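Okay, so here's the structure we're looking at.
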Amino acid sequence: MNYRNHAKIKLNHPTLCRGDFYLNCGDGWYQLIDEMLTEIEKVRGQLMPRLAYIEPNKGRMKAVVDGMNAEIQDIIDAYEYRSQRICEGCGGKGQPRSGWIMAACNDCR
Ligand SMILES: [Zn+2]
């Protein structure tokens, strides 16, 4: 993810993104990640979860958050599932591709 989007994620979610975190994925997932962190923020209550990293894994997003509970895990699971249909390159409609496995649209493939 480019520096600008990385900085926006940190700015939008200062509690979840305190400390070092890594977004080792394409900019196409920016919106997805931003929404996922907003959902987590809504339900965290007194918990202080912290985003550790996000990376592509077998054609979908893998998000690792420290200090979470089952409710937050459910949110992460749902967004990881959704990521299979979102192109990691451009955010358009994608699908898992064979070979180098990545969620991608036809243009970014
Ligand atoms: Zn694309």
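Residue names in the structure tokens use chain letters A, B, ... in the order shown, residue numbers from 1 in each chain, and ligand numbers from 1 in the order shown.
In the backbone-derived DSSP annotation, strand (DSSP E or B) within chain A comprises A:Tyr22, A:Leu23, A:Arg50, A:Leu51, A:Ala52, A:Tyr53, A:Ile54, A:Glu55, A:Pro56, A:Asn57, A:Arg60, A:Met61, A:Lys62, A:Ala63, A:Val64, A:Val65, A:Asp66, A:Ile86, A:Lys93, A:Gln95, A:Pro96, A:Arg97, A:Met102, A:Ala103, A:Ala104.
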(message) Could you pull out the alpha helix (DSSP H) residues of region 1-100 of chain A, going by DSSP on the backbone, and write them as a PyMOL selection string?
(response) chain A and resi 3-12+30-43+70-83
Writer output for current selection, C-alpha atoms, as a compact mmCIF listing (two decimals), in the first residue's frame:
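In the end it all went to selection08.txt:
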```txt
# COMPACT_ATOMS: atom_id res chain seq x y z
CA TYR A 3 2.56 5.83 1.79
CA ARG A 4 -0.41 8.18 1.39
CA ASN A 5 -3.06 5.51 1.95
CA HIS A 6 -1.04 4.03 4.81
CA ALA A 7 -0.97 7.47 6.46
CA LYS A 8 -4.74 7.92 5.93
CA ILE A 9 -5.48 4.58 7.60
CA LYS A 10 -3.38 5.62 10.59
CA LEU A 11 -5.05 9.03 10.74
CA ASN A 12 -8.58 7.55 10.54
CA TYR A 30 -7.82 0.52 1.04
CA GLN A 31 -11.61 0.98 1.28
CA LEU A 32 -12.11 -2.54 2.61
CA ILE A 33 -9.50 -2.05 5.33
CA ASP A 34 -10.83 1.39 6.25
CA GLU A 35 -14.36 -0.03 6.65
CA MET A 36 -13.15 -3.05 8.61
CA LEU A 37 -11.28 -0.88 11.10
CA THR A 38 -14.33 1.38 11.47
CA GLU A 39 -16.45 -1.67 12.34
CA ILE A 40 -13.89 -2.86 14.88
CA GLU A 41 -13.72 0.60 16.42
CA LYS A 42 -17.53 0.56 16.90
CA VAL A 43 -17.58 -2.68 18.91
CA ALA A 70 -14.68 -13.14 19.32
CA GLU A 71 -16.84 -10.29 18.05
CA ILE A 72 -13.86 -8.58 16.45
CA GLN A 73 -12.67 -11.91 15.03
CA ASP A 74 -16.08 -12.28 13.35
CA ILE A 75 -15.70 -8.85 11.72
CA ILE A 76 -12.24 -9.73 10.48
CA ASP A 77 -13.46 -13.08 9.14
CA ALA A 78 -16.27 -11.37 7.22
CA TYR A 79 -13.93 -8.81 5.63
CA GLU A 80 -11.33 -11.43 4.78
CA TYR A 81 -14.07 -13.35 3.00
CA ARG A 82 -15.25 -10.22 1.13
CA SER A 83 -11.70 -9.46 0.00
```
(request) Between A:Asp27, A:Asp66, A:Tyr22, A:Leu47, single out the one closest to ligand 1, counting only C-alpha atoms and all ligand atoms. (result) A:Asp27
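The smallest atom-to-atom distance between Gly94 (chain A) and any of A:Trp29, A:Ala52, A:Val65, A:Gly19, using only C-alpha atoms, is found for A:Trp29.
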Taking only residues of chain A that have an atom at most 7 Å from an atom of ligand 1, what is each one's shortest atom pair and its distance in Å to one decimal, using only C-alpha atoms and all ligand atoms, in chain and number order, as a Markdown table?
```
| residue | atom | partner | partner_atom_place_in_ligand_line | distance |
| --- | --- | --- | --- | --- |
| A:Cys87 | CA | ligand 1 | 1 (Zn) | 4.7 |
| A:Glu88 | CA | ligand 1 | 1 (Zn) | 6.6 |
| A:Gly89 | CA | ligand 1 | 1 (Zn) | 4.7 |
| A:Cys90 | CA | ligand 1 | 1 (Zn) | 4.1 |
| A:Gly91 | CA | ligand 1 | 1 (Zn) | 6.1 |
| A:Gly92 | CA | ligand 1 | 1 (Zn) | 5.3 |
| A:Gly94 | CA | ligand 1 | 1 (Zn) | 6.7 |
| A:Ala104 | CA | ligand 1 | 1 (Zn) | 5.3 |
| A:Cys105 | CA | ligand 1 | 1 (Zn) | 4.2 |
| A:Asn106 | CA | ligand 1 | 1 (Zn) | 6.5 |
| A:Asp107 | CA | ligand 1 | 1 (Zn) | 5.4 |
| A:Cys108 | CA | ligand 1 | 1 (Zn) | 4.1 |
| A:Arg109 | CA | ligand 1 | 1 (Zn) | 6.9 |
```
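The residue that comes closest to Lys62 (chain A), out of A:Asn2, A:Gln46, A:Gln95, A:Gln84 and on the basis of only C-alpha atoms, is A:Gln84.
Distances here use only C-alpha atoms; by that measure, the residue among A:Lys58, A:Arg44, A:Arg50, A:Arg97 closest to Cys17 (chain A) is A:Arg50.
The two atoms in question, CA of Met102 (chain A) and CA of Ile54 (chain A), are spaced 14.0 Å apart.
Each of A:Met48, A:Met1, A:Leu23, A:Pro96 was checked against Val64 (chain A) using only C-alpha atoms; the smallest atom-to-atom distance is that of A:Leu23.
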